[in-house]
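J.: File follows, query05.cif with mmCIF, C-alpha atoms:
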data_target
loop_
_atom_site.label_atom_id
_atom_site.label_comp_id
_atom_site.auth_asym_id
_atom_site.auth_seq_id
_atom_site.Cartn_x
_atom_site.Cartn_y
_atom_site.Cartn_z
CA MET A 1 -13.08 38.89 10.55
CA PHE A 2 -12.97 38.02 14.24
CA THR A 3 -15.60 35.53 15.33
CA PHE A 4 -16.11 33.67 18.58
CA SER A 5 -15.73 30.29 16.86
CA ASN A 6 -12.47 31.31 15.18
CA ALA A 7 -11.06 32.59 18.46
CA THR A 8 -11.63 29.28 20.24
CA GLN A 9 -11.35 25.54 19.63
CA PHE A 10 -15.08 24.94 20.12
CA ARG A 11 -15.66 24.08 16.47
CA HIS A 12 -13.39 21.03 16.93
CA HIS A 13 -15.21 19.82 20.06
CA LYS A 14 -18.88 19.64 19.10
CA VAL A 15 -19.14 16.08 20.45
CA TRP A 16 -17.69 17.08 23.82
CA LEU A 17 -19.96 20.12 24.04
CA VAL A 18 -22.94 17.82 23.47
CA PHE A 19 -21.51 15.43 26.09
CA THR A 20 -21.26 18.24 28.65
CA ALA A 21 -24.81 19.41 28.00
CA SER A 22 -26.04 15.82 28.22
CA VAL A 23 -24.40 15.32 31.63
CA VAL A 24 -26.25 18.28 33.11
CA THR A 25 -29.49 17.32 31.37
CA LEU A 26 -29.28 13.75 32.72
CA ALA A 27 -28.78 14.98 36.27
CA VAL A 28 -31.77 17.32 35.99
CA CYS A 29 -33.96 14.57 34.50
CA LEU A 30 -33.07 12.08 37.23
CA ALA A 31 -33.79 14.58 39.98
CA SER A 32 -37.08 15.76 38.50
CA ILE A 33 -38.38 12.27 37.63
CA PHE A 34 -37.45 10.40 40.81
CA GLY A 35 -37.52 13.28 43.30
CA ASP A 36 -40.13 15.47 44.90
CA VAL A 37 -39.72 19.21 45.12
CA LYS A 38 -38.85 20.43 48.62
CA GLU A 39 -40.82 23.11 50.37
CA SER A 40 -39.18 26.51 50.24
CA ALA A 41 -38.94 26.63 54.01
CA VAL A 42 -36.42 23.79 54.16
CA ILE A 43 -34.24 25.03 51.29
CA SER A 44 -30.91 26.46 52.46
CA ASN A 45 -29.75 29.45 50.43
CA LEU A 46 -26.22 29.07 51.79
CA ASP A 47 -26.01 25.46 50.55
CA ILE A 48 -27.39 26.51 47.18
CA LEU A 49 -24.72 29.20 46.88
CA GLY A 50 -21.89 26.86 47.85
CA GLU A 51 -22.88 23.82 45.80
CA GLY A 52 -24.09 25.92 42.89
CA SER A 53 -20.70 27.63 42.73
CA ILE A 54 -19.01 24.23 42.42
CA VAL A 55 -21.30 23.30 39.51
CA PHE A 56 -20.69 26.63 37.79
CA LEU A 57 -16.90 26.48 38.21
CA THR A 58 -16.71 22.86 37.00
CA LEU A 59 -18.69 23.79 33.91
CA ALA A 60 -16.41 26.79 33.40
CA TRP A 61 -13.34 24.51 33.59
CA ILE A 62 -14.76 22.24 30.91
CA LEU A 63 -15.55 25.14 28.59
CA ALA A 64 -12.13 26.69 29.19
CA ALA A 65 -10.39 23.41 28.32
CA LEU A 66 -12.46 22.95 25.16
CA ALA A 67 -11.98 26.59 24.14
CA SER A 68 -8.20 26.56 24.45
CA ARG A 69 -7.04 23.01 23.67
CA PRO A 70 -6.85 21.19 20.33
CA PRO A 71 -8.43 17.74 19.91
CA GLY A 72 -6.43 14.92 21.43
CA THR A 73 -6.11 12.39 24.21
CA VAL A 74 -5.43 14.95 26.94
CA THR A 75 -8.44 17.06 25.98
CA SER A 76 -10.70 14.02 25.83
CA LEU A 77 -9.57 12.73 29.23
CA LEU A 78 -9.98 16.16 30.82
CA THR A 79 -13.50 16.50 29.45
CA ILE A 80 -14.53 12.99 30.51
CA GLY A 81 -13.10 13.40 33.99
CA LEU A 82 -14.59 16.84 34.52
CA GLY A 83 -17.87 15.68 32.99
CA LEU A 84 -18.20 12.83 35.49
CA PHE A 85 -17.35 15.21 38.30
CA LEU A 86 -19.92 17.68 36.94
CA PHE A 87 -22.57 14.95 36.99
CA SER A 88 -21.94 14.24 40.67
CA VAL A 89 -21.87 17.87 41.79
CA SER A 90 -25.00 18.61 39.72
CA LEU A 91 -26.90 15.86 41.54
CA ASP A 92 -25.55 17.13 44.83
CA PHE A 93 -26.73 20.64 43.96
CA LEU A 94 -30.17 19.40 42.92
CA ASP A 95 -30.51 17.68 46.32
CA GLU A 96 -31.16 21.15 47.69
CA PHE A 97 -34.38 21.33 45.66
CA PHE A 98 -35.53 17.68 45.61
CA HIS A 99 -35.81 14.85 48.11
CA TYR A 100 -35.98 11.20 47.09
CA THR A 101 -38.17 8.33 48.26
CA ASP A 102 -36.73 5.15 49.69
CA GLU A 103 -37.23 3.46 46.31
CA ALA A 104 -34.87 6.01 44.69
CA TYR A 105 -32.01 5.33 47.10
CA TRP A 106 -29.80 4.44 44.14
CA ILE A 107 -29.61 8.10 43.13
CA SER A 108 -27.65 8.84 46.29
CA MET A 109 -25.29 5.99 45.38
CA ILE A 110 -24.60 7.21 41.85
CA GLU A 111 -24.14 10.72 43.17
CA SER A 112 -20.71 9.88 44.59
CA TYR A 113 -19.21 7.21 42.32
CA PRO A 114 -18.91 9.28 39.09
CA ALA A 115 -16.92 11.94 40.95
CA VAL A 116 -14.40 9.33 42.15
CA VAL A 117 -13.99 7.89 38.65
CA GLY A 118 -13.78 11.41 37.25
CA MET A 119 -10.95 12.33 39.62
CA VAL A 120 -8.99 9.23 38.55
CA VAL A 121 -9.49 10.12 34.87
CA MET A 122 -8.50 13.74 35.51
CA THR A 123 -5.36 12.59 37.34
CA THR A 124 -4.39 10.57 34.26
CA ALA A 125 -5.15 13.58 32.05
CA LEU A 126 -3.02 15.91 34.18
CA TYR A 127 -0.09 13.49 34.03
CA GLN A 128 -0.39 13.34 30.24
CA TRP A 129 -0.62 17.14 30.22
CA HIS A 130 2.58 17.28 32.25
CA LEU A 131 4.37 15.13 29.66
CA GLU A 132 2.96 17.30 26.88
CA GLN A 133 4.14 20.51 28.55
CA ARG A 134 7.59 19.06 29.20
CA ALA A 135 7.95 18.31 25.48
CA LEU A 136 6.79 21.83 24.61
CA ASN A 137 9.23 23.36 27.09
CA LEU A 138 12.11 21.48 25.48
CA GLN A 139 11.11 23.02 22.15
CA LEU A 140 10.85 26.50 23.70
CA ARG A 141 14.34 26.25 25.19
CA ARG A 142 15.70 25.97 21.67
CA ARG A 143 13.97 29.24 20.76
CA GLU A 144 15.10 31.30 23.75
CA TRP A 145 17.56 31.43 26.61
CA ASP A 146 15.85 34.04 28.79
CA PHE A 147 12.32 35.15 29.62
CA ARG A 148 10.30 35.95 26.53
CA ASP A 149 10.11 39.60 25.46
CA HIS A 150 7.17 39.50 23.08
CA ASP A 151 8.10 42.80 21.42
CA ALA A 152 11.30 41.15 20.17
CA ILE A 153 9.57 38.08 18.73
CA ASP A 154 9.06 37.74 15.00
CA PRO A 155 5.31 37.22 14.49
CA ILE A 156 5.75 34.99 11.44
CA THR A 157 8.25 32.40 12.70
CA GLN A 158 7.66 32.92 16.45
CA LEU A 159 11.45 33.11 16.85
CA TYR A 160 13.34 36.00 18.37
CA ARG A 161 14.70 38.59 15.99
CA ALA A 162 18.37 39.19 15.17
CA GLU A 163 18.87 41.71 18.00
CA TYR A 164 18.16 39.04 20.60
CA TRP A 165 20.55 36.63 18.87
CA LYS A 166 23.32 39.23 18.90
CA ALA A 167 22.70 40.02 22.56
CA GLN A 168 23.11 36.36 23.49
CA ILE A 169 26.32 36.17 21.45
CA HIS A 170 27.75 39.12 23.39
CA LYS A 171 26.88 37.34 26.65
CA GLN A 172 28.63 34.24 25.36
CA GLN A 173 31.73 36.27 24.51
CA ARG A 174 31.79 37.97 27.90
CA SER A 175 31.77 34.55 29.54
CA GLY A 176 35.00 33.77 27.67
CA LYS A 177 33.52 30.81 25.81
CA THR A 178 33.60 30.09 22.11
CA ALA A 179 30.58 29.30 19.99
CA VAL A 180 29.72 28.47 16.42
CA LEU A 181 27.57 31.01 14.62
CA ALA A 182 25.59 30.03 11.55
CA ILE A 183 23.22 31.72 9.13
CA ILE A 184 20.88 29.70 6.92
CA ASP A 185 19.54 31.25 3.73
CA ILE A 186 16.57 29.88 1.75
CA ASN A 187 17.47 29.75 -1.93
CA ASN A 188 15.35 31.77 -4.38
CA PHE A 189 12.76 32.65 -1.77
CA SER A 190 11.94 35.93 -3.49
CA VAL A 191 10.85 33.91 -6.53
CA PHE A 192 8.60 31.80 -4.26
CA ASN A 193 6.94 34.97 -2.93
CA GLN A 194 6.39 36.36 -6.41
CA LYS A 195 4.87 33.12 -7.65
CA HIS A 196 2.77 32.07 -4.65
CA GLY A 197 2.25 35.29 -2.70
CA TYR A 198 3.58 36.65 0.56
CA THR A 199 0.92 34.99 2.68
CA GLU A 200 2.04 31.56 1.53
CA GLY A 201 5.65 32.66 1.89
CA ASP A 202 5.08 33.58 5.53
CA ARG A 203 3.44 30.21 6.14
CA TYR A 204 6.41 28.47 4.52
CA LEU A 205 8.88 30.39 6.71
CA HIS A 206 6.93 29.34 9.80
CA ASP A 207 7.19 25.67 8.78
CA ILE A 208 10.91 26.01 8.08
CA ALA A 209 11.44 27.64 11.48
CA GLN A 210 9.93 24.57 13.14
CA LEU A 211 12.31 22.30 11.22
CA VAL A 212 15.30 24.38 12.27
CA ILE A 213 14.32 24.11 15.94
CA MET A 214 13.68 20.37 15.73
CA ASN A 215 17.22 19.73 14.46
CA LEU A 216 19.01 21.75 17.13
CA ARG A 217 20.30 20.70 20.53
CA GLN A 218 18.56 21.90 23.68
CA GLN A 219 21.31 24.45 24.40
CA ASP A 220 21.30 25.96 20.89
CA LEU A 221 19.42 29.12 19.92
CA ALA A 222 17.63 29.85 16.64
CA CYS A 223 16.38 33.29 15.62
CA ARG A 224 15.09 34.93 12.47
CA TYR A 225 17.93 37.06 11.15
CA ALA A 226 16.14 38.89 8.34
CA GLY A 227 13.85 37.99 5.47
CA ASP A 228 14.40 34.34 4.63
CA ARG A 229 17.52 33.96 6.76
CA PHE A 230 17.79 32.17 10.10
CA ALA A 231 20.56 32.75 12.62
CA ILE A 232 21.82 30.03 14.95
CA LEU A 233 24.06 30.15 18.02
CA MET A 234 25.64 26.84 19.03
CA PRO A 235 27.81 27.00 22.17
CA ASP A 236 30.32 24.37 23.23
CA ILE A 237 30.50 22.58 19.89
CA SER A 238 33.21 21.76 17.39
CA PRO A 239 33.00 23.07 13.80
CA MET A 240 32.62 19.49 12.56
CA GLN A 241 29.66 18.80 14.85
CA ALA A 242 28.07 22.12 13.88
CA ASP A 243 28.48 21.26 10.22
CA LEU A 244 26.64 17.97 10.77
CA ILE A 245 23.73 19.80 12.42
CA LEU A 246 23.57 22.33 9.59
CA SER A 247 23.64 19.55 7.02
CA ASP A 248 20.70 17.88 8.76
CA ILE A 249 18.77 21.17 8.81
CA LYS A 250 19.35 21.78 5.10
CA ALA A 251 18.37 18.21 4.28
CA SER A 252 15.16 18.61 6.29
CA ILE A 253 14.33 21.84 4.45
CA GLN A 254 15.04 20.20 1.10
CA HIS A 255 12.62 17.36 1.90
CA LEU A 256 9.88 19.58 3.32
CA ALA A 257 6.81 19.07 1.13
CA PHE A 258 5.03 22.42 1.33
CA ARG A 259 1.55 22.59 -0.15
CA HIS A 260 -0.07 25.80 -1.32
CA SER A 261 -3.52 26.38 0.14
CA GLN A 262 -4.97 26.37 -3.39
CA ASN A 263 -2.89 23.55 -4.84
CA ALA A 264 -2.26 19.97 -3.69
CA ASN A 265 1.08 19.69 -5.50
CA ALA A 266 4.08 19.75 -3.14
CA ILE A 267 6.59 22.58 -3.39
CA TYR A 268 10.22 21.97 -2.48
CA THR A 269 13.11 24.34 -1.91
CA THR A 270 16.74 24.22 -0.83
CA ALA A 271 18.90 26.20 1.57
CA ARG A 272 22.52 27.12 2.03
CA SER A 273 24.46 28.13 5.09
CA THR A 274 27.64 29.65 6.36
CA GLN A 275 29.23 29.18 9.76
CA VAL A 276 32.14 30.45 11.81
CA THR A 277 33.64 29.78 15.23
CA LEU A 278 33.45 33.04 17.17
CA LEU A 279 36.22 33.69 19.67
CA PRO A 280 35.75 35.87 22.79
CA LYS A 281 37.89 38.73 21.46
CA GLN A 282 36.49 38.92 17.93
CA ARG A 283 34.27 41.80 16.81
CA LEU A 284 30.82 40.46 16.05
CA ALA A 285 30.09 43.11 13.41
CA THR A 286 33.13 42.09 11.37
CA VAL A 287 32.32 38.39 11.66
CA LEU A 288 28.71 38.90 10.58
CA ASN A 289 29.74 41.05 7.63
CA ASN A 290 32.03 38.29 6.38
CA MET A 291 29.31 35.68 6.85
CA LEU A 292 26.81 37.72 4.85
CA LEU A 293 29.34 38.25 2.08
CA GLU A 294 29.85 34.49 2.01
CA LEU A 295 26.13 33.94 1.50
CA GLU A 296 26.09 36.39 -1.41
CA ARG A 297 28.52 34.24 -3.36
CA PRO A 298 27.26 31.64 -5.86
CA HIS A 299 25.24 28.89 -4.15
CA ASP A 300 27.82 26.14 -4.53
CA SER A 301 30.46 28.13 -2.64
CA ALA A 302 28.51 28.53 0.59
CA ALA A 303 29.01 25.90 3.29
#
The structure given in the file should be rewritten as structure tokens.
T.:
Amino acid sequence: MFTFSNATQFRHHKVWLVFTASVVTLAVCLASIFGDVKESAVISNLDILGEGSIVFLTLAWILAALASRPPGTVTSLLTIGLGLFLFSVSLDFLDEFFHYTDEAYWISMIESYPAVVGMVVMTTALYQWHLEQRALNLQLRRREWDFRDHDAIDPITQLYRAEYWKAQIHKQQRSGKTAVLAIIDINNFSVFNQKHGYTEGDRYLHDIAQLVIMNLRQQDLACRYAGDRFAILMPDISPMQADLILSDIKASIQHLAFRHSQNANAIYTTARSTQVTLLPKQRLATVLNNMLLELERPHDSAA
């Protein structure tokens, strides 16, 4: 069932939500304890609108970050930086309602300094976010070569389906370049589904898809071919180099310790593969048919 907490990351950030509420509460307490309420005649509605909007938007930024990001250094730095900035703009906003005596001059001093520190912290957070996004983009480039068409994405593995893979192969052929095609098949996966259920099987396929991507080069493309089979396109590579990559992928799958949600014991499986160097003039349908026939042979005969 859909719930607000399940749709966001808030349940992982209870400490930061308390921190945010505390920042605003502290600002209100300081203003109300050490300040005197201004007369309505000297209150500027325009200033209230402008400075109040800054407070509201800063608070919205914090909540948006906590709602969408998992726990981690970047999230913590963003919340701290925005929280310090929120403290300063909250005091600035409350100045429209309170005025301070000469003895409370220090409130005006602390009104500015947290914002400066907060901006420095946020700058650090944004740089770390940049590094994080660059790493994610490198992973995405191994999944796709063009803009994402979400209708063609397999919802289980988050890889493109076979049609996208074939379309990229045809583009490769039209360019006159050769490429190595490979299909990886998970051994006895139907038995896994029967024993552990399709939900766990889908989760296992998702984990295997991540392993496949991690072992590929940036210019390679991985897609879900069908069922428990993954299709790979590797341009500008020798058959020997492609075989090394496939061996690494199969070794990674073999050592993947998958744990059922109801059982702590690790489950292991193996995979087999077949590959071929596709030339520009070859018919893709014929090549794929031969590759699939190769996978249907006894396990020890597949590459």
J.: Applied to the shown file, which residues does the PyMOL selection byres ((chain A and resi 84-100) around 8) return, written as a count of residues only?
T.: 40
J.: What box, with edges along x, y and z, holds each listed atom of segment 183-191 of chain A when 5 Å is added on every side, and can you state its centre and edge lengths in Å to one decimal, as lines of an AutoDock Vina configuration file?
T.:
center_x = 17.0
center_y = 32.8
center_z = 1.3
size_x = 22.4
size_y = 16.2
size_z = 25.7
J.: What's the separation between atom CA of Leu216 of chain A and atom CA of Ile249 of chain A, in Å to one decimal place?
T.: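 About the pair atom CA of Leu216 of chain A and atom CA of Ile249 of chain A: they are 8.3 Å apart.
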J.: In terms of the shortest atom-to-atom distance over only C-alpha atoms, which of A:Trp16, A:Glu200, A:Ala60, A:Ser175 is closest to Asn263 of chain A?
T.: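 Among the listed residues, A:Glu200 lies closest to Asn263 of chain A.
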J.: Quick one: residues within 8 Å of Ile183 of chain A, only C-alpha atoms, excluding same-chain residues fewer than 3 positions away - as a VMD selection string?
T.: chain A and resid 225 229 to 232 273 to 275 291
J.: Using Å and a single decimal, report how far atom CA of Ala179 of chain A sits from atom CA of Val276 of chain A.
T.: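 Between these atoms lies a distance of 8.4 Å.
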J.: If we count only C-alpha atoms, what is near Thr269 of chain A at a cut-off of 7 Å, once residues fewer than 6 positions away on the same chain are taken out, given as a PyMOL selection string?
T.: chain A and resi 187+253-254
J.: Please write the residues picked by the PyMOL selection byres ((chain A and resi 68) around 9) on this file as a VMD selection string.
T.: chain A and resid 7 to 10 63 to 67 69 to 70
J.: Tell me, as a VMD selection string, which residues lie within 12 Å of Gln128 of chain A, counting all atoms listed in the file; anything in the same chain fewer than 6 positions away does not count.
T.: chain A and resid 72 to 78 121 to 122 134 to 135
J.: Dump C-alpha atoms for the selected residues as a short mmCIF file (atom, residue, chain, number, x, y, z; two decimals), in the frame of the given file?
T.:
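result_25.cif, freshly written:
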data_model
loop_
_atom_site.label_atom_id
_atom_site.label_comp_id
_atom_site.auth_asym_id
_atom_site.auth_seq_id
_atom_site.Cartn_x
_atom_site.Cartn_y
_atom_site.Cartn_z
CA GLY A 72 -6.43 14.92 21.43
CA THR A 73 -6.11 12.39 24.21
CA VAL A 74 -5.43 14.95 26.94
CA THR A 75 -8.44 17.06 25.98
CA SER A 76 -10.70 14.02 25.83
CA LEU A 77 -9.57 12.73 29.23
CA LEU A 78 -9.98 16.16 30.82
CA VAL A 121 -9.49 10.12 34.87
CA MET A 122 -8.50 13.74 35.51
CA ARG A 134 7.59 19.06 29.20
CA ALA A 135 7.95 18.31 25.48
#
J.: Need the shell around segment 193-197 of chain A: protein/DNA/RNA residues with any atom at most 12 Å away, counting only C-alpha atoms. Skip same-chain ones fewer than 4 positions apart. Format as a count of residues only?
T.: 18
J.: Can you tell me how far atom CA of Leu221 of chain A sits from atom CA of Glu296 of chain A, in Å to one decimal?
T.: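 Taking atom CA of Leu221 of chain A as the start and atom CA of Glu296 of chain A as the end point, the length is 23.5 Å.
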J.: The PyMOL selection byres ((chain A and resi 157-165) around 8) on the file shown: which residues, as a PDB file with C-alpha atoms, keeping the file's coordinate frame?
T.:
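Okay, part-v1.pdb is ready:
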ATOM      1  CA  ARG A 143      13.970  29.240  20.760  1.00  0.00           C
ATOM      2  CA  GLU A 144      15.100  31.300  23.750  1.00  0.00           C
ATOM      3  CA  ALA A 152      11.300  41.150  20.170  1.00  0.00           C
ATOM      4  CA  ILE A 153       9.570  38.080  18.730  1.00  0.00           C
ATOM      5  CA  ASP A 154       9.060  37.740  15.000  1.00  0.00           C
ATOM      6  CA  PRO A 155       5.310  37.220  14.490  1.00  0.00           C
ATOM      7  CA  ILE A 156       5.750  34.990  11.440  1.00  0.00           C
ATOM      8  CA  LYS A 166      23.320  39.230  18.900  1.00  0.00           C
ATOM      9  CA  ALA A 167      22.700  40.020  22.560  1.00  0.00           C
ATOM     10  CA  GLN A 168      23.110  36.360  23.490  1.00  0.00           C
ATOM     11  CA  ILE A 169      26.320  36.170  21.450  1.00  0.00           C
ATOM     12  CA  ASP A 202       5.080  33.580   5.530  1.00  0.00           C
ATOM     13  CA  LEU A 205       8.880  30.390   6.710  1.00  0.00           C
ATOM     14  CA  HIS A 206       6.930  29.340   9.800  1.00  0.00           C
ATOM     15  CA  ASP A 207       7.190  25.670   8.780  1.00  0.00           C
ATOM     16  CA  ALA A 209      11.440  27.640  11.480  1.00  0.00           C
ATOM     17  CA  LEU A 221      19.420  29.120  19.920  1.00  0.00           C
ATOM     18  CA  ALA A 222      17.630  29.850  16.640  1.00  0.00           C
ATOM     19  CA  CYS A 223      16.380  33.290  15.620  1.00  0.00           C
ATOM     20  CA  ARG A 224      15.090  34.930  12.470  1.00  0.00           C
ATOM     21  CA  TYR A 225      17.930  37.060  11.150  1.00  0.00           C
ATOM     22  CA  ALA A 226      16.140  38.890   8.340  1.00  0.00           C
ATOM     23  CA  ALA A 231      20.560  32.750  12.620  1.00  0.00           C
ATOM     24  CA  ILE A 232      21.820  30.030  14.950  1.00  0.00           C
ATOM     25  CA  LEU A 233      24.060  30.150  18.020  1.00  0.00           C
TER      26      LEU A 233
END
J.: Find the residue from A:Ser190, A:Thr79, A:Gln173, A:Ser108 that sits nearest to His13 of chain A; use all atoms listed in the file when measuring.
T.: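 For His13 of chain A, the nearest of the candidates is A:Thr79.
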J.: Kindly indicate which residue among A:Thr123, A:Thr277, A:Thr270, A:Thr199 lies nearest to Asp185 of chain A, using all atoms listed in the file for the distances.
T.: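 That would be A:Thr270, the residue with the smallest distance to Asp185 of chain A.
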J.: Given all atoms listed in the file as the basis, pick out the residue of A:Asn45, A:Thr25, A:Gln282, A:Ser53 nearest to Arg174 of chain A.
T.: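 Looking only at the distances to Arg174 of chain A, the closest residue turns out to be A:Gln282.
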J.: Quick one: everything within 7 Å of Pro235 of chain A, counting only C-alpha atoms, minus sequence neighbours fewer than 5 positions away in the same chain. Send it as a PyMOL selection string.
T.: chain A and resi 178-180+220
J.: Kindly export the residues of the current selection with C-alpha atoms, as a compact mmCIF listing (two decimals), in the frame of the given file.
T.:
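What follows is the written file selection_7.txt:
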# COMPACT_ATOMS: atom_id res chain seq x y z
CA THR A 178 33.60 30.09 22.11
CA ALA A 179 30.58 29.30 19.99
CA VAL A 180 29.72 28.47 16.42
CA ASP A 220 21.30 25.96 20.89
